[in-house]
>>> print(open('my_file29.cif').read())   # mmCIF, C-alpha atoms
data_coords
loop_
_atom_site.group_PDB
_atom_site.id
_atom_site.type_symbol
_atom_site.label_atom_id
_atom_site.label_comp_id
_atom_site.auth_asym_id
_atom_site.auth_seq_id
_atom_site.Cartn_x
_atom_site.Cartn_y
_atom_site.Cartn_z
ATOM 1 C CA GLN X 1 -2.508 -14.757 25.954
ATOM 2 C CA VAL X 2 -4.407 -12.226 23.868
ATOM 3 C CA ASN X 3 -7.485 -13.679 22.220
ATOM 4 C CA LEU X 4 -10.136 -12.032 20.060
ATOM 5 C CA LEU X 5 -13.183 -14.232 19.532
ATOM 6 C CA GLN X 6 -15.579 -13.139 16.824
ATOM 7 C CA SER X 7 -19.205 -14.036 16.231
ATOM 8 C CA GLY X 8 -20.209 -16.618 13.652
ATOM 9 C CA ALA X 9 -20.999 -16.252 9.981
ATOM 10 C CA ALA X 10 -24.050 -14.209 9.011
ATOM 11 C CA LEU X 11 -26.380 -14.427 6.020
ATOM 12 C CA VAL X 12 -28.341 -11.207 5.653
ATOM 13 C CA LYS X 13 -30.742 -9.750 3.121
ATOM 14 C CA PRO X 14 -29.944 -6.690 1.019
ATOM 15 C CA GLY X 15 -30.937 -3.491 2.776
ATOM 16 C CA ALA X 16 -30.753 -5.050 6.230
ATOM 17 C CA SER X 17 -28.206 -4.449 8.999
ATOM 18 C CA VAL X 18 -25.939 -6.837 10.875
ATOM 19 C CA LYS X 19 -24.048 -6.492 14.146
ATOM 20 C CA LEU X 20 -20.776 -8.366 14.558
ATOM 21 C CA SER X 21 -19.066 -8.979 17.878
ATOM 22 C CA CYS X 22 -15.482 -9.383 19.031
ATOM 23 C CA LYS X 23 -14.880 -10.615 22.592
ATOM 24 C CA ALA X 24 -11.422 -9.824 23.947
ATOM 25 C CA SER X 25 -9.547 -11.736 26.622
ATOM 26 C CA GLY X 26 -6.021 -12.100 27.953
ATOM 27 C CA TYR X 27 -5.351 -8.399 28.455
ATOM 28 C CA THR X 28 -6.912 -5.253 29.887
ATOM 29 C CA PHE X 29 -9.623 -4.440 27.358
ATOM 30 C CA THR X 30 -9.604 -0.692 27.935
ATOM 31 C CA ASP X 31 -5.848 -0.338 27.329
ATOM 32 C CA TYR X 32 -5.858 -0.935 23.558
ATOM 33 C CA TYR X 33 -7.885 0.251 20.612
ATOM 34 C CA ILE X 34 -9.895 -2.321 18.665
ATOM 35 C CA HIS X 35 -9.687 -1.989 14.887
ATOM 36 C CA TRP X 36 -11.883 -3.561 12.222
ATOM 37 C CA VAL X 37 -10.645 -4.685 8.804
ATOM 38 C CA LYS X 38 -12.595 -5.857 5.744
ATOM 39 C CA GLN X 39 -11.320 -8.553 3.414
ATOM 40 C CA SER X 40 -13.155 -8.930 0.144
ATOM 41 C CA HIS X 41 -12.790 -11.799 -2.293
ATOM 42 C CA GLY X 42 -10.198 -13.469 -0.085
ATOM 43 C CA LYS X 43 -7.537 -10.972 -0.986
ATOM 44 C CA SER X 44 -7.531 -7.216 -0.471
ATOM 45 C CA LEU X 45 -7.657 -5.732 3.046
ATOM 46 C CA GLU X 46 -9.288 -2.409 4.010
ATOM 47 C CA TRP X 47 -9.168 -0.661 7.363
ATOM 48 C CA ILE X 48 -12.642 0.317 8.518
ATOM 49 C CA GLY X 49 -11.862 2.183 11.717
ATOM 50 C CA TYR X 50 -11.064 1.858 15.386
ATOM 51 C CA ILE X 51 -12.659 2.422 18.750
ATOM 52 C CA ASN X 52 -11.016 3.359 22.025
ATOM 53 C CA PRO X 53 -12.736 1.007 24.503
ATOM 54 C CA ASN X 54 -11.914 3.291 27.419
ATOM 55 C CA SER X 55 -13.534 6.458 26.087
ATOM 56 C CA GLY X 56 -15.712 5.169 23.267
ATOM 57 C CA TYR X 57 -13.965 7.524 20.844
ATOM 58 C CA THR X 58 -14.117 6.295 17.264
ATOM 59 C CA ASN X 59 -12.141 7.048 14.121
ATOM 60 C CA TYR X 60 -13.433 5.835 10.774
ATOM 61 C CA ASN X 61 -12.007 5.443 7.320
ATOM 62 C CA GLU X 62 -13.921 8.022 5.272
ATOM 63 C CA LYS X 63 -15.051 5.221 2.961
ATOM 64 C CA PHE X 64 -16.905 3.440 5.771
ATOM 65 C CA LYS X 65 -18.287 6.394 7.745
ATOM 66 C CA SER X 66 -21.863 5.861 6.600
ATOM 67 C CA LYS X 67 -21.590 2.073 6.581
ATOM 68 C CA ALA X 68 -20.085 1.021 9.920
ATOM 69 C CA THR X 69 -20.796 1.927 13.548
ATOM 70 C CA LEU X 70 -18.355 0.817 16.240
ATOM 71 C CA THR X 71 -19.316 0.362 19.873
ATOM 72 C CA VAL X 72 -18.051 -1.477 22.935
ATOM 73 C CA ASP X 73 -19.455 -3.033 26.090
ATOM 74 C CA LYS X 74 -16.804 -2.692 28.770
ATOM 75 C CA SER X 75 -18.715 -4.940 31.153
ATOM 76 C CA THR X 76 -18.201 -7.923 28.811
ATOM 77 C CA ASN X 77 -14.942 -6.870 27.105
ATOM 78 C CA THR X 78 -16.740 -6.975 23.765
ATOM 79 C CA ALA X 79 -16.448 -4.733 20.740
ATOM 80 C CA TYR X 80 -19.201 -4.507 18.151
ATOM 81 C CA MET X 81 -19.455 -3.355 14.562
ATOM 82 C CA GLU X 82 -22.826 -2.718 12.989
ATOM 83 C CA LEU X 83 -23.028 -2.598 9.200
ATOM 84 C CA SER X 84 -26.088 -0.924 7.750
ATOM 85 C CA ARG X 85 -27.971 -0.854 4.426
ATOM 86 C CA LEU X 86 -26.149 -3.933 3.249
ATOM 87 C CA THR X 87 -25.484 -4.615 -0.437
ATOM 88 C CA SER X 88 -23.582 -7.330 -2.267
ATOM 89 C CA GLU X 89 -20.482 -5.108 -2.000
ATOM 90 C CA ASP X 90 -20.544 -5.681 1.758
ATOM 91 C CA SER X 91 -20.175 -9.454 1.374
ATOM 92 C CA ALA X 92 -16.755 -10.083 2.879
ATOM 93 C CA THR X 93 -14.882 -11.410 5.877
ATOM 94 C CA TYR X 94 -14.562 -8.880 8.683
ATOM 95 C CA TYR X 95 -11.777 -9.039 11.245
ATOM 96 C CA CYS X 96 -11.315 -7.325 14.555
ATOM 97 C CA THR X 97 -7.698 -6.698 15.386
ATOM 98 C CA ARG X 98 -5.525 -5.084 18.021
ATOM 99 C CA GLY X 99 -2.212 -3.327 17.842
ATOM 100 C CA GLY X 100 1.038 -4.623 19.255
ATOM 101 C CA PHE X 101 3.798 -2.540 20.776
ATOM 102 C CA ASP X 102 7.573 -2.738 20.842
ATOM 103 C CA THR X 103 9.545 -1.128 23.650
ATOM 104 C CA TYR X 104 11.874 0.568 21.165
ATOM 105 C CA TYR X 105 9.830 1.233 18.039
ATOM 106 C CA GLY X 106 6.472 1.689 19.657
ATOM 107 C CA TYR X 107 3.520 0.691 17.513
ATOM 108 C CA LYS X 108 4.164 -2.491 15.541
ATOM 109 C CA GLY X 109 0.997 -2.889 13.545
ATOM 110 C CA PHE X 110 -1.930 -5.268 13.847
ATOM 111 C CA ALA X 111 -0.413 -7.946 16.058
ATOM 112 C CA TYR X 112 -3.551 -9.787 17.188
ATOM 113 C CA TRP X 113 -6.472 -10.816 15.006
ATOM 114 C CA GLY X 114 -9.824 -12.434 15.522
ATOM 115 C CA GLN X 115 -10.711 -15.463 13.432
ATOM 116 C CA GLY X 116 -12.938 -13.377 11.162
ATOM 117 C CA THR X 117 -16.674 -13.264 10.499
ATOM 118 C CA LEU X 118 -17.985 -14.025 7.024
ATOM 119 C CA VAL X 119 -20.917 -11.831 6.060
ATOM 120 C CA THR X 120 -22.900 -12.867 3.004
ATOM 121 C CA VAL X 121 -25.504 -10.485 1.621
ATOM 122 C CA SER X 122 -28.077 -12.335 -0.424
ATOM 123 C CA SER X 123 -31.819 -12.473 -0.868
ATOM 124 C CA ASP S 1 -4.692 8.088 1.306
ATOM 125 C CA ILE S 2 -1.261 6.478 0.825
ATOM 126 C CA GLN S 3 -1.366 3.860 -1.925
ATOM 127 C CA MET S 4 0.609 0.648 -1.445
ATOM 128 C CA THR S 5 1.546 -1.279 -4.571
ATOM 129 C CA GLN S 6 2.808 -4.827 -4.205
ATOM 130 C CA SER S 7 4.585 -6.935 -6.769
ATOM 131 C CA PRO S 8 4.334 -9.520 -8.029
ATOM 132 C CA ALA S 9 0.641 -10.334 -7.534
ATOM 133 C CA SER S 10 1.494 -14.020 -7.585
ATOM 134 C CA LEU S 11 4.670 -16.017 -7.362
ATOM 135 C CA SER S 12 5.586 -19.658 -7.832
ATOM 136 C CA ALA S 13 8.807 -20.971 -6.295
ATOM 137 C CA SER S 14 10.478 -24.256 -5.368
ATOM 138 C CA LEU S 15 11.297 -25.566 -1.920
ATOM 139 C CA GLY S 16 14.603 -24.169 -0.680
ATOM 140 C CA GLU S 17 14.472 -21.208 -3.036
ATOM 141 C CA THR S 18 14.782 -17.559 -1.976
ATOM 142 C CA VAL S 19 11.876 -15.278 -2.871
ATOM 143 C CA THR S 20 11.453 -11.527 -2.681
ATOM 144 C CA ILE S 21 8.240 -9.510 -2.600
ATOM 145 C CA GLU S 22 8.253 -5.778 -3.234
ATOM 146 C CA CYS S 23 6.059 -3.009 -1.859
ATOM 147 C CA LEU S 24 5.997 0.549 -3.140
ATOM 148 C CA ALA S 25 4.356 3.390 -1.210
ATOM 149 C CA SER S 26 2.923 6.437 -2.983
ATOM 150 C CA GLU S 27 4.875 8.677 -0.612
ATOM 151 C CA ASP S 28 7.607 8.416 2.022
ATOM 152 C CA ILE S 29 6.376 6.322 4.959
ATOM 153 C CA TYR S 30 9.591 6.538 6.987
ATOM 154 C CA SER S 31 9.876 2.771 7.547
ATOM 155 C CA ASN S 32 6.424 2.560 9.136
ATOM 156 C CA LEU S 33 5.747 -0.623 7.228
ATOM 157 C CA ALA S 34 4.495 -4.012 8.341
ATOM 158 C CA TRP S 35 4.325 -7.349 6.531
ATOM 159 C CA TYR S 36 1.630 -9.945 7.178
ATOM 160 C CA GLN S 37 1.284 -13.585 6.237
ATOM 161 C CA GLN S 38 -2.148 -15.061 5.645
ATOM 162 C CA LYS S 39 -2.344 -18.829 5.339
ATOM 163 C CA PRO S 40 -5.337 -20.342 3.534
ATOM 164 C CA GLY S 41 -8.501 -19.991 5.602
ATOM 165 C CA LYS S 42 -6.738 -18.152 8.440
ATOM 166 C CA SER S 43 -6.399 -14.613 9.736
ATOM 167 C CA PRO S 44 -3.402 -12.473 8.762
ATOM 168 C CA GLN S 45 -0.416 -12.720 11.102
ATOM 169 C CA LEU S 46 2.166 -10.000 11.696
ATOM 170 C CA LEU S 47 5.597 -11.030 10.404
ATOM 171 C CA ILE S 48 7.682 -7.865 10.229
ATOM 172 C CA TYR S 49 7.219 -4.382 11.677
ATOM 173 C CA TYR S 50 9.051 -1.100 11.212
ATOM 174 C CA ALA S 51 10.253 -2.447 7.862
ATOM 175 C CA ASN S 52 12.876 -4.846 9.234
ATOM 176 C CA SER S 53 12.001 -6.022 12.761
ATOM 177 C CA LEU S 54 10.942 -9.627 13.115
ATOM 178 C CA ASN S 55 7.830 -10.177 15.203
ATOM 179 C CA ASP S 56 7.980 -12.642 18.092
ATOM 180 C CA GLY S 57 8.085 -16.265 16.991
ATOM 181 C CA VAL S 58 8.662 -15.559 13.295
ATOM 182 C CA PRO S 59 11.342 -17.787 11.725
ATOM 183 C CA SER S 60 14.626 -16.072 10.901
ATOM 184 C CA ARG S 61 14.343 -17.036 7.220
ATOM 185 C CA PHE S 62 11.973 -14.055 6.923
ATOM 186 C CA SER S 63 13.528 -10.620 6.644
ATOM 187 C CA GLY S 64 12.423 -7.141 5.666
ATOM 188 C CA SER S 65 14.289 -4.185 4.283
ATOM 189 C CA GLY S 66 13.767 -0.830 2.652
ATOM 190 C CA SER S 67 13.240 2.830 3.352
ATOM 191 C CA GLY S 68 11.435 5.830 1.947
ATOM 192 C CA THR S 69 8.889 4.506 -0.519
ATOM 193 C CA GLN S 70 10.446 1.120 -1.395
ATOM 194 C CA TYR S 71 10.333 -1.989 0.777
ATOM 195 C CA SER S 72 10.818 -5.698 0.360
ATOM 196 C CA LEU S 73 10.168 -8.977 2.139
ATOM 197 C CA LYS S 74 12.628 -11.815 1.596
ATOM 198 C CA ILE S 75 12.043 -15.452 2.412
ATOM 199 C CA ASN S 76 15.167 -17.602 2.442
ATOM 200 C CA SER S 77 15.057 -21.359 1.969
ATOM 201 C CA LEU S 78 11.344 -21.564 1.147
ATOM 202 C CA GLN S 79 9.386 -24.118 3.175
ATOM 203 C CA SER S 80 6.036 -25.719 2.337
ATOM 204 C CA GLU S 81 4.393 -23.914 5.268
ATOM 205 C CA ASP S 82 5.273 -20.568 3.668
ATOM 206 C CA VAL S 83 2.517 -21.019 1.054
ATOM 207 C CA SER S 84 0.378 -17.991 1.856
ATOM 208 C CA ILE S 85 -0.733 -14.579 0.746
ATOM 209 C CA TYR S 86 1.595 -11.802 1.903
ATOM 210 C CA PHE S 87 0.490 -8.204 2.490
ATOM 211 C CA CYS S 88 2.381 -5.042 3.204
ATOM 212 C CA GLN S 89 0.740 -2.264 5.222
ATOM 213 C CA GLN S 90 1.748 1.285 6.045
ATOM 214 C CA ASN S 91 0.961 2.743 9.451
ATOM 215 C CA TYR S 92 2.613 6.101 8.925
ATOM 216 C CA ASP S 93 -0.583 7.952 8.135
ATOM 217 C CA SER S 94 -4.299 7.429 8.666
ATOM 218 C CA PRO S 95 -6.030 5.543 7.213
ATOM 219 C CA PRO S 96 -3.628 2.615 7.415
ATOM 220 C CA THR S 97 -3.541 1.013 3.972
ATOM 221 C CA PHE S 98 -2.566 -2.381 2.638
ATOM 222 C CA GLY S 99 -0.983 -3.615 -0.531
ATOM 223 C CA GLY S 100 -3.043 -5.810 -2.831
ATOM 224 C CA GLY S 101 -1.287 -8.978 -1.688
ATOM 225 C CA THR S 102 1.137 -11.490 -3.185
ATOM 226 C CA LYS S 103 0.028 -15.088 -3.478
ATOM 227 C CA LEU S 104 2.984 -17.436 -2.991
ATOM 228 C CA GLU S 105 2.651 -20.980 -4.273
ATOM 229 C CA LEU S 106 4.980 -23.925 -4.589
ATOM 230 C CA LYS S 107 6.277 -24.873 -8.009
#
>>> encode(input="my_file29.cif", output="structure tokens")
Amino acid sequence: QVNLLQSGAALVKPGASVKLSCKASGYTFTDYYIHWVKQSHGKSLEWIGYINPNSGYTNYNEKFKSKATLTVDKSTNTAYMELSRLTSEDSATYYCTRGGFDTYYGYKGFAYWGQGTLVTVSS
Amino acid sequence: DIQMTQSPASLSASLGETVTIECLASEDIYSNLAWYQQKPGKSPQLLIYYANSLNDGVPSRFSGSGSGTQYSLKINSLQSEDVSIYFCQQNYDSPPTFGGGTKLELK
């Protein structure tokens, strides 16, 4: 079964960077894009961007272009997101997620989610 | 970006009741709408896709409907395990965008 296992919670200082990981299993890693989603204050969700693990191609939400950098390591089936120049506004839970597909309708939406990584920015 | 407006922001209902959550898109999204359920302390889970298709393993008391810019999620015969936050999300255009969420509680 599809599983996305994310790295543990991080406490980071303002101005620093943090790199989150998402290890995929249960499917062929290079066949599906990995997306990242931010959830602030336990409620609203924002799409950060996606990476194609096969080619390394990335597509970012304009809002996060200067904040997030997505990479993958195909040898370990792991996706990474680095967040830079952190401020209190970056304190949130970050999820990696993967699309699901229906034989008739095609793309279903975000069908598989990691457990989330809580990032707290504080001095 | 396409704006998704959910209503109500919070909802209190009794066991066995039927509840409806609405989602309004800022432009036509041609049924490219998904609904997610997020239980306390957990990741979101896909409930409904393409506006009205039930995802695998989702109880039949959940249903989705709508077209154009207006969509709704209905939960029949509310159960205690349905206490969650519900989100709509459009995947018609990039960036995919989410509604603000509806917090469903038991009365």
>>> resolve_selection(input="my_file29.cif", expression="the PyMOL selection byres ((chain X and resi 62) around 9)", output="compact mmCIF listing (two decimals) with C-alpha atoms, keeping the file's coordinate frame")
# COMPACT_ATOMS: atom_id res chain seq x y z
CA ILE X 48 -12.64 0.32 8.52
CA GLY X 49 -11.86 2.18 11.72
CA TYR X 60 -13.43 5.84 10.77
CA ASN X 61 -12.01 5.44 7.32
CA LYS X 63 -15.05 5.22 2.96
CA PHE X 64 -16.90 3.44 5.77
CA LYS X 65 -18.29 6.39 7.74
CA SER X 66 -21.86 5.86 6.60
CA PRO S 95 -6.03 5.54 7.21
>>> resolve_selection(input="my_file29.cif", expression="the PyMOL selection byres ((chain S) within 7 of (chain X))", output="ChimeraX atom specification")
/S:34,42-43,45-46,49-50,91,95-98,100-101
>>> atom_distance(input="my_file29.cif", atom1="atom CA of X:Ile34", atom2="atom CA of X:Ser84")
19.6 Å
>>> residues_around(input="my_file29.cif", residues="S:Ile75", least_positions_apart="5", cutoff="8 Å", atoms="only C-alpha atoms", output="list in words")
Thr18, Val19, Thr20, Arg61, Phe62 and Ser63 of chain S
>>> residues_around(input="my_file29.cif", residues="S:Glu105", least_positions_apart="3", cutoff="12 Å", atoms="all atoms listed in the file", output="JSON, numbers by chain")
{"S": [9, 10, 11, 12, 13, 14, 15, 17, 19, 39, 40, 78, 79, 80, 81, 82, 83, 84, 85, 86, 102]}
>>> write_last_selection(input="my_file29.cif", atoms="C-alpha atoms", output="mmCIF file, in the coordinates of the input")
data_model
loop_
_atom_site.group_PDB
_atom_site.id
_atom_site.type_symbol
_atom_site.label_atom_id
_atom_site.label_comp_id
_atom_site.auth_asym_id
_atom_site.auth_seq_id
_atom_site.Cartn_x
_atom_site.Cartn_y
_atom_site.Cartn_z
ATOM 1 C CA ALA S 9 0.641 -10.334 -7.534
ATOM 2 C CA SER S 10 1.494 -14.020 -7.585
ATOM 3 C CA LEU S 11 4.670 -16.017 -7.362
ATOM 4 C CA SER S 12 5.586 -19.658 -7.832
ATOM 5 C CA ALA S 13 8.807 -20.971 -6.295
ATOM 6 C CA SER S 14 10.478 -24.256 -5.368
ATOM 7 C CA LEU S 15 11.297 -25.566 -1.920
ATOM 8 C CA GLU S 17 14.472 -21.208 -3.036
ATOM 9 C CA VAL S 19 11.876 -15.278 -2.871
ATOM 10 C CA LYS S 39 -2.344 -18.829 5.339
ATOM 11 C CA PRO S 40 -5.337 -20.342 3.534
ATOM 12 C CA LEU S 78 11.344 -21.564 1.147
ATOM 13 C CA GLN S 79 9.386 -24.118 3.175
ATOM 14 C CA SER S 80 6.036 -25.719 2.337
ATOM 15 C CA GLU S 81 4.393 -23.914 5.268
ATOM 16 C CA ASP S 82 5.273 -20.568 3.668
ATOM 17 C CA VAL S 83 2.517 -21.019 1.054
ATOM 18 C CA SER S 84 0.378 -17.991 1.856
ATOM 19 C CA ILE S 85 -0.733 -14.579 0.746
ATOM 20 C CA TYR S 86 1.595 -11.802 1.903
ATOM 21 C CA THR S 102 1.137 -11.490 -3.185
#
>>> residues_around(input="my_file29.cif", residues="X:Tyr57", least_positions_apart="6", cutoff="10 Å", atoms="all atoms listed in the file", output="ChimeraX atom specification")
/X:33,50-51,70-71
>>> resolve_selection(input="my_file29.cif", expression="the PyMOL selection byres ((chain S and resi 31) around 9)", output="VMD selection string")
chain S and resid 28 to 30 32 to 34 49 to 52 65 to 69 71 90 92
>>> write_last_selection(input="my_file29.cif", atoms="C-alpha atoms", output="PDB file, in the frame of the given file")
ATOM      1  CA  ASP S  28       7.607   8.416   2.022  1.00  0.00           C
ATOM      2  CA  ILE S  29       6.376   6.322   4.959  1.00  0.00           C
ATOM      3  CA  TYR S  30       9.591   6.538   6.987  1.00  0.00           C
ATOM      4  CA  ASN S  32       6.424   2.560   9.136  1.00  0.00           C
ATOM      5  CA  LEU S  33       5.747  -0.623   7.228  1.00  0.00           C
ATOM      6  CA  ALA S  34       4.495  -4.012   8.341  1.00  0.00           C
ATOM      7  CA  TYR S  49       7.219  -4.382  11.677  1.00  0.00           C
ATOM      8  CA  TYR S  50       9.051  -1.100  11.212  1.00  0.00           C
ATOM      9  CA  ALA S  51      10.253  -2.447   7.862  1.00  0.00           C
ATOM     10  CA  ASN S  52      12.876  -4.846   9.234  1.00  0.00           C
ATOM     11  CA  SER S  65      14.289  -4.185   4.283  1.00  0.00           C
ATOM     12  CA  GLY S  66      13.767  -0.830   2.652  1.00  0.00           C
ATOM     13  CA  SER S  67      13.240   2.830   3.352  1.00  0.00           C
ATOM     14  CA  GLY S  68      11.435   5.830   1.947  1.00  0.00           C
ATOM     15  CA  THR S  69       8.889   4.506  -0.519  1.00  0.00           C
ATOM     16  CA  TYR S  71      10.333  -1.989   0.777  1.00  0.00           C
ATOM     17  CA  GLN S  90       1.748   1.285   6.045  1.00  0.00           C
ATOM     18  CA  TYR S  92       2.613   6.101   8.925  1.00  0.00           C
TER      19      TYR S  92
END
>>> closest_residue(input="my_file29.cif", among="X:Gly99, X:Lys38, X:Ala10, X:Ser17", to="X:Asn52", atoms="all atoms listed in the file")
X:Gly99
>>> atom_distance(input="my_file29.cif", atom1="atom CA of S:Gly57", atom2="atom CA of S:Gly99")
23.4 Å
>>> atom_distance(input="my_file29.cif", atom1="atom CA of X:Arg98", atom2="atom CA of X:Leu4")
8.6 Å
>>> residues_near_point(input="my_file29.cif", point="(-15.5, -6.0, 9.5)", cutoff="9 Å", atoms="all atoms listed in the file", output="ChimeraX atom specification")
/X:20,35-39,47-48,68,81-83,92-96,116-119
>>> decode(input="my_file29.cif", residues="stretch 47-60 of chain X", atoms="N, CA, C and O atoms", output="JSON list (two decimals), in the first residue's frame")
[["chain", "number", "residue", "atom", "x", "y", "z"],
["X", 47, "TRP", "N", -1.32, 24.97, -1.35],
["X", 47, "TRP", "CA", -0.45, 24.16, -2.19],
["X", 47, "TRP", "C", 0.85, 24.91, -2.44],
["X", 47, "TRP", "O", 0.84, 26.05, -2.89],
["X", 48, "ILE", "N", 1.96, 24.24, -2.15],
["X", 48, "ILE", "CA", 3.28, 24.86, -2.30],
["X", 48, "ILE", "C", 3.84, 24.60, -3.69],
["X", 48, "ILE", "O", 4.39, 25.50, -4.35],
["X", 49, "GLY", "N", 3.73, 23.36, -4.15],
["X", 49, "GLY", "CA", 4.28, 23.00, -5.44],
["X", 49, "GLY", "C", 4.43, 21.51, -5.58],
["X", 49, "GLY", "O", 4.06, 20.75, -4.67],
["X", 50, "TYR", "N", 4.94, 21.07, -6.72],
["X", 50, "TYR", "CA", 5.18, 19.65, -6.92],
["X", 50, "TYR", "C", 6.50, 19.43, -7.62],
["X", 50, "TYR", "O", 7.07, 20.34, -8.24],
["X", 51, "ILE", "N", 6.98, 18.19, -7.50],
["X", 51, "ILE", "CA", 8.17, 17.77, -8.21],
["X", 51, "ILE", "C", 7.87, 16.47, -8.93],
["X", 51, "ILE", "O", 7.17, 15.60, -8.41],
["X", 52, "ASN", "N", 8.37, 16.34, -10.14],
["X", 52, "ASN", "CA", 8.32, 15.11, -10.89],
["X", 52, "ASN", "C", 9.57, 14.32, -10.51],
["X", 52, "ASN", "O", 10.68, 14.70, -10.89],
["X", 53, "PRO", "N", 9.42, 13.22, -9.76],
["X", 53, "PRO", "CA", 10.62, 12.49, -9.31],
["X", 53, "PRO", "C", 11.42, 11.88, -10.44],
["X", 53, "PRO", "O", 12.62, 11.60, -10.27],
["X", 54, "ASN", "N", 10.81, 11.68, -11.58],
["X", 54, "ASN", "CA", 11.52, 11.06, -12.70],
["X", 54, "ASN", "C", 12.49, 12.04, -13.35],
["X", 54, "ASN", "O", 13.64, 11.72, -13.63],
["X", 55, "SER", "N", 12.00, 13.27, -13.58],
["X", 55, "SER", "CA", 12.80, 14.26, -14.30],
["X", 55, "SER", "C", 13.41, 15.33, -13.40],
["X", 55, "SER", "O", 14.34, 16.03, -13.81],
["X", 56, "GLY", "N", 12.85, 15.47, -12.21],
["X", 56, "GLY", "CA", 13.28, 16.55, -11.32],
["X", 56, "GLY", "C", 12.59, 17.88, -11.63],
["X", 56, "GLY", "O", 12.85, 18.89, -10.97],
["X", 57, "TYR", "N", 11.70, 17.89, -12.60],
["X", 57, "TYR", "CA", 10.99, 19.12, -12.94],
["X", 57, "TYR", "C", 10.12, 19.56, -11.76],
["X", 57, "TYR", "O", 9.46, 18.74, -11.12],
["X", 58, "THR", "N", 10.12, 20.85, -11.50],
["X", 58, "THR", "CA", 9.34, 21.40, -10.40],
["X", 58, "THR", "C", 8.37, 22.47, -10.89],
["X", 58, "THR", "O", 8.63, 23.15, -11.89],
["X", 59, "ASN", "N", 7.27, 22.61, -10.17],
["X", 59, "ASN", "CA", 6.30, 23.65, -10.45],
["X", 59, "ASN", "C", 5.85, 24.21, -9.11],
["X", 59, "ASN", "O", 5.37, 23.46, -8.26],
["X", 60, "TYR", "N", 6.04, 25.50, -8.92],
["X", 60, "TYR", "CA", 5.77, 26.12, -7.62],
["X", 60, "TYR", "C", 4.57, 27.07, -7.71],
["X", 60, "TYR", "O", 4.35, 27.74, -8.72]]
